[in-house]
Amino acid sequence: MPQFSGTPLYPFALWLRPRAVSTLALLMAGAVLAAPHAEAQGLFGNWDSPPVKVRKVKRPPPAVTEEVGEKSKGKKSKSESVAEKPATGPLVISVSLARQRLAVYDSTGRIAESPISSGRVGYSTPTGVFTVLEKNRVHHSNLYSGAPMPNMQRLTWSGVALHAGVLPGYPASHGCIRLPHGFSKKLFGMTKLGTRVIVTRDPVSPAAFSHDRLFTALPPEDAVVTGSTSAHETQVADASRVTNEAGGVSAVLGVSAAAAAGTDGGVAPARLSLRERRQLEAEQLAAEIRTVGYEKVDKAAKLEALQKEAAVARQPLIAARAEAEQLGDELSKLEKGKAGAERELAMLQKPEDEDTGKKKRKNKKVMDKAKREARIAELTEELAELPPELEAKRTAWQAADAAFKKAEETAKAADDKRRAAAKELLEVNARLSQALAKEKAAKRREAKRQLPVSVFVSRSKQRIYVRQGYEDIFNAEVTFDRPDEPVGTHVFTALDYTENKTTMTWNVVSVPHDPSRASSKKKDKTGKAKQAEPAVQVSKAAQTPQAALDRLTISDDVREQIADVMKPGSSLVISDLGIGNETGEFTDFIVPIR
């Protein structure tokens, strides 16, 4: 029976009139709605089952403000009209763990906002600069018993993602960033692989930014006149000309032979542009592949001919070896027979009563004198006939052995030639494989030229790293003025070309290092001290993107290589720290934020 403050409810309800019961039920429902959750529990105690079915009051929709538009029943707000329009330029998603909010920005500003639920205590959501690595409408966790994760957008391969989930109003996840289901569905349709996601403690937002040291883009290749730049395959004759004549390369590139050779009659050679160097390398590589390819054909044919010669040379060797071995066996047999006959003759010729100093054997069989003399005569005759036969056999064996050695030398010489040809073919194959690998890598890079480029600069490492399509392109050394002072974390995003198609419009999200939040040194599981805080503390106000770029020096050659692939959607991240451990295959740069 349901209990009310420990007293049975039904007798009391039967005492009341039906109308009074209805009135009491309404008053009780009003008290539940008016009182806070904890007070309502104290008022009514624990119910096993509700005695009266109270009509549920519809709650207002969750506090989700979307400037892209959230439809409300009966009318359409002004912000909704923006929602149906596609985003302009690259998106940047900002997540604030302190505010438990997510905001989406395009080149025009904020276009959507939503509450979130991040990782709870013990499963905190990592702060840092991420990108969307994978998208899946229907996904289940492989870490937490197949928990559903609708509209999943992966940020790390270790398990952090954006997805739909329950939002209790506070951090409650295992590290992921939960979103309202409707918003997660809309966000899923807005983003694409590579969309930038910045997770910080306090809210940050991108702002328009310009600086002379930001990367520019090279003009479109069709606007660059470099002479005859036809993309036909290099012929064999062309290959020899490219490798042996400076004029061959210069004719293709439209530069002087002296410039291609690196000299100009005592005048400093003109520096080739990046695209001219790239085209020169492509022409040389094509020439090398064709030249080495034909060289491989020649080496293979040479090896085949020498293999046949070696096989022919082995036949006399086999016959000579067999003959020499046979004659040697026969000679050895004759020599053994002679030695045996001489031993037997010596024993027969020895007197029987000769005292040898040893005890005579008892019951020793004594040969008859006549037989003894006959055997001595027989052995003497055999030994007299053996020397000429032995000499003839030895002479024949010596001749066969000499023929065998000669055939062996001939076969060895033929086999040495075969081995040398095989080695040459292996070397040519290795050169061809290297050249083909270079060509494959060049084609792979060329196929990704239309993708945005990601650049990361680490103050602690004093290096710049460049990736395109989740693959490392190159890295190089850079320098910072006052390298011990922190610069903060700054994420620059190239939004679009300007009219001249060489400069870019940019925005930046800055997260300065807060000295007041710097934790004391901690040790990792191995007992080693983690990365130390900067020795020099700089105020947050001084850690501006302007100051970071002013302190950074990048060589002209590196800038030109980056400008060659710079396009809208590309990014530059400057950080005090190095590349995060999550960065790897099939990821963009993942940069931790302190």
# chains A, B, ... in the order shown; residues from 1 in each chain; ligands from 1
>>> residues_around(residues="A:Val591", least_positions_apart="2", cutoff="9 Å", atoms="only C-alpha atoms", output="PyMOL selection string")
chain A and resi 127-130+456+489+573+575+577-583+589+593
>>> residues_around(residues="A:Trp506", least_positions_apart="5", cutoff="8 Å", atoms="only C-alpha atoms", output="list in words")
Ala208, Phe209, Ser210, Phe492, Thr493, Ala494, Leu495 and Asp496 of chain A
>>> residues_around(residues="A:Gln434", least_positions_apart="5", cutoff="12 Å", atoms="only C-alpha atoms", output="NGL selection string")
:A and (285 or 288-289 or 292-293 or 427-429 or 439-441)
>>> write_last_selection(atoms="C-alpha atoms", output="PDB file, in the first residue's frame")
ATOM      1  CA  LEU A 285      63.040  11.674 -62.584  1.00  0.00           C
ATOM      2  CA  GLU A 288      66.019   8.482 -64.968  1.00  0.00           C
ATOM      3  CA  ILE A 289      63.127   6.026 -64.948  1.00  0.00           C
ATOM      4  CA  VAL A 292      67.221   2.878 -66.029  1.00  0.00           C
ATOM      5  CA  GLY A 293      64.304   0.935 -67.477  1.00  0.00           C
ATOM      6  CA  GLU A 427      71.710  -2.753 -58.835  1.00  0.00           C
ATOM      7  CA  VAL A 428      69.701  -1.522 -61.811  1.00  0.00           C
ATOM      8  CA  ASN A 429      66.532  -2.991 -60.280  1.00  0.00           C
ATOM      9  CA  GLU A 439      57.606   8.896 -58.742  1.00  0.00           C
ATOM     10  CA  LYS A 440      54.873   7.196 -56.718  1.00  0.00           C
ATOM     11  CA  ALA A 441      55.463   9.529 -53.779  1.00  0.00           C
TER      12      ALA A 441
END
>>> atom_distance(atom1="atom CA of A:Met152", atom2="atom CA of A:Asn507")
27.0 Å
>>> atom_distance(atom1="atom CA of A:Ser141", atom2="atom CA of A:Gly189")
21.0 Å
>>> atom_distance(atom1="atom CA of A:Lys369", atom2="atom CA of A:Glu381")
18.5 Å
>>> closest_residue(among="A:Arg201, A:Arg137, A:Lys299, A:Arg444", to="A:Pro512", atoms="only C-alpha atoms")
A:Arg201
>>> residues_around(residues="A:Thr108", least_positions_apart="4", cutoff="9 Å", atoms="only C-alpha atoms", output="ChimeraX atom specification")
/A:87-89
>>> closest_residue(among="A:Lys135, A:Arg594, A:Lys567, A:Lys540", to="A:Leu451", atoms="only C-alpha atoms")
A:Lys567
>>> select_by_dssp(residues="stretch 295-421 of chain A", states="helix (DSSP H, G or I)", output="ChimeraX atom specification")
/A:295-348,369-421
>>> residues_around(residues="A:Arg459", least_positions_apart="2", cutoff="10 Å", atoms="only C-alpha atoms", output="list in words")
Phe456, Val457, Lys461, Gln462, Arg463, Ile464, Val478, Thr479, Phe480, Asp481, Pro483, Asp484, Glu485, Pro486, Val487, Gly488, Ala548, Leu552, Ile574, Ser575, Asp576, Leu577 and Gly578 of chain A
>>> decode(residues="stretch 433-448 of chain A", atoms="all heavy atoms", output="tab-separated table (two decimals), in the first residue's frame")
chain	number	residue	atom	x	y	z
A	433	SER	N	63.68	0.76	-58.74
A	433	SER	CA	62.69	0.73	-57.65
A	433	SER	C	62.70	2.04	-56.89
A	433	SER	O	61.64	2.57	-56.54
A	433	SER	CB	62.98	-0.44	-56.70
A	433	SER	OG	62.86	-1.67	-57.37
A	434	GLN	N	63.89	2.59	-56.62
A	434	GLN	CA	63.97	3.87	-55.92
A	434	GLN	C	63.34	4.98	-56.75
A	434	GLN	O	62.61	5.82	-56.22
A	434	GLN	CB	65.43	4.19	-55.62
A	434	GLN	CG	66.06	3.28	-54.57
A	434	GLN	CD	67.54	3.58	-54.37
A	434	GLN	OE1	68.12	4.43	-55.05
A	434	GLN	NE2	68.16	2.87	-53.44
A	435	ALA	N	63.65	4.98	-58.04
A	435	ALA	CA	63.07	6.01	-58.91
A	435	ALA	C	61.56	5.89	-58.99
A	435	ALA	O	60.83	6.89	-58.94
A	435	ALA	CB	63.70	5.93	-60.30
A	436	LEU	N	61.06	4.65	-59.10
A	436	LEU	CA	59.62	4.45	-59.16
A	436	LEU	C	58.96	4.83	-57.84
A	436	LEU	O	57.84	5.36	-57.82
A	436	LEU	CB	59.31	3.00	-59.50
A	436	LEU	CG	59.65	2.56	-60.93
A	436	LEU	CD1	59.45	1.06	-61.10
A	436	LEU	CD2	58.81	3.33	-61.95
A	437	ALA	N	59.65	4.55	-56.72
A	437	ALA	CA	59.12	4.95	-55.41
A	437	ALA	C	59.03	6.48	-55.31
A	437	ALA	O	58.05	7.03	-54.79
A	437	ALA	CB	59.98	4.39	-54.29
A	438	LYS	N	60.06	7.17	-55.82
A	438	LYS	CA	60.02	8.64	-55.84
A	438	LYS	C	58.87	9.14	-56.70
A	438	LYS	O	58.16	10.08	-56.33
A	438	LYS	CB	61.34	9.19	-56.37
A	438	LYS	CG	62.52	9.00	-55.43
A	438	LYS	CD	63.78	9.58	-56.06
A	438	LYS	CE	65.00	9.38	-55.17
A	438	LYS	NZ	66.23	9.92	-55.80
A	439	GLU	N	58.69	8.49	-57.85
A	439	GLU	CA	57.61	8.90	-58.74
A	439	GLU	C	56.25	8.65	-58.08
A	439	GLU	O	55.35	9.50	-58.15
A	439	GLU	CB	57.70	8.13	-60.05
A	439	GLU	CG	56.63	8.54	-61.07
A	439	GLU	CD	56.66	7.67	-62.30
A	439	GLU	OE1	56.64	6.43	-62.14
A	439	GLU	OE2	56.66	8.21	-63.42
A	440	LYS	N	56.13	7.51	-57.40
A	440	LYS	CA	54.87	7.20	-56.72
A	440	LYS	C	54.59	8.21	-55.61
A	440	LYS	O	53.46	8.68	-55.46
A	440	LYS	CB	54.94	5.79	-56.14
A	440	LYS	CG	53.65	5.32	-55.49
A	440	LYS	CD	53.78	3.89	-54.99
A	440	LYS	CE	52.48	3.42	-54.32
A	440	LYS	NZ	52.61	2.02	-53.83
A	441	ALA	N	55.64	8.53	-54.84
A	441	ALA	CA	55.46	9.53	-53.78
A	441	ALA	C	55.11	10.89	-54.36
A	441	ALA	O	54.26	11.60	-53.82
A	441	ALA	CB	56.74	9.62	-52.94
A	442	ALA	N	55.76	11.24	-55.48
A	442	ALA	CA	55.45	12.53	-56.12
A	442	ALA	C	54.01	12.55	-56.63
A	442	ALA	O	53.30	13.57	-56.49
A	442	ALA	CB	56.43	12.78	-57.27
A	443	LYS	N	53.56	11.44	-57.21
A	443	LYS	CA	52.17	11.38	-57.69
A	443	LYS	C	51.19	11.45	-56.53
A	443	LYS	O	50.13	12.08	-56.63
A	443	LYS	CB	51.95	10.10	-58.50
A	443	LYS	CG	52.63	10.11	-59.86
A	443	LYS	CD	52.36	8.82	-60.61
A	443	LYS	CE	52.98	8.84	-62.00
A	443	LYS	NZ	52.73	7.58	-62.74
A	444	ARG	N	51.55	10.77	-55.41
A	444	ARG	CA	50.67	10.82	-54.25
A	444	ARG	C	50.58	12.24	-53.69
A	444	ARG	O	49.50	12.71	-53.34
A	444	ARG	CB	51.18	9.85	-53.18
A	444	ARG	CG	50.24	9.70	-52.00
A	444	ARG	CD	50.66	8.60	-51.06
A	444	ARG	NE	51.95	8.86	-50.45
A	444	ARG	CZ	53.06	8.18	-50.72
A	444	ARG	NH1	53.02	7.19	-51.59
A	444	ARG	NH2	54.19	8.47	-50.13
A	445	ARG	N	51.73	12.92	-53.64
A	445	ARG	CA	51.70	14.31	-53.18
A	445	ARG	C	50.92	15.19	-54.15
A	445	ARG	O	50.18	16.08	-53.74
A	445	ARG	CB	53.13	14.84	-53.02
A	445	ARG	CG	53.88	14.27	-51.83
A	445	ARG	CD	55.11	15.09	-51.53
A	445	ARG	NE	56.04	15.10	-52.64
A	445	ARG	CZ	57.02	14.23	-52.81
A	445	ARG	NH1	57.19	13.26	-51.92
A	445	ARG	NH2	57.85	14.32	-53.84
A	446	GLU	N	51.11	14.93	-55.44
A	446	GLU	CA	50.41	15.74	-56.44
A	446	GLU	C	48.91	15.53	-56.34
A	446	GLU	O	48.12	16.47	-56.52
A	446	GLU	CB	50.92	15.37	-57.84
A	446	GLU	CG	50.44	16.30	-58.94
A	446	GLU	CD	50.99	17.70	-58.81
A	446	GLU	OE1	52.07	17.87	-58.20
A	446	GLU	OE2	50.35	18.64	-59.32
A	447	ALA	N	48.50	14.27	-56.05
A	447	ALA	CA	47.07	13.99	-55.93
A	447	ALA	C	46.46	14.71	-54.73
A	447	ALA	O	45.26	14.95	-54.70
A	447	ALA	CB	46.85	12.48	-55.79
A	448	LYS	N	47.30	15.05	-53.75
A	448	LYS	CA	46.80	15.73	-52.56
A	448	LYS	C	47.02	17.24	-52.60
A	448	LYS	O	46.79	17.92	-51.61
A	448	LYS	CB	47.48	15.15	-51.32
A	448	LYS	CG	47.11	13.70	-51.05
A	448	LYS	CD	47.72	13.19	-49.77
A	448	LYS	CE	47.26	11.77	-49.49
A	448	LYS	NZ	47.78	11.26	-48.20
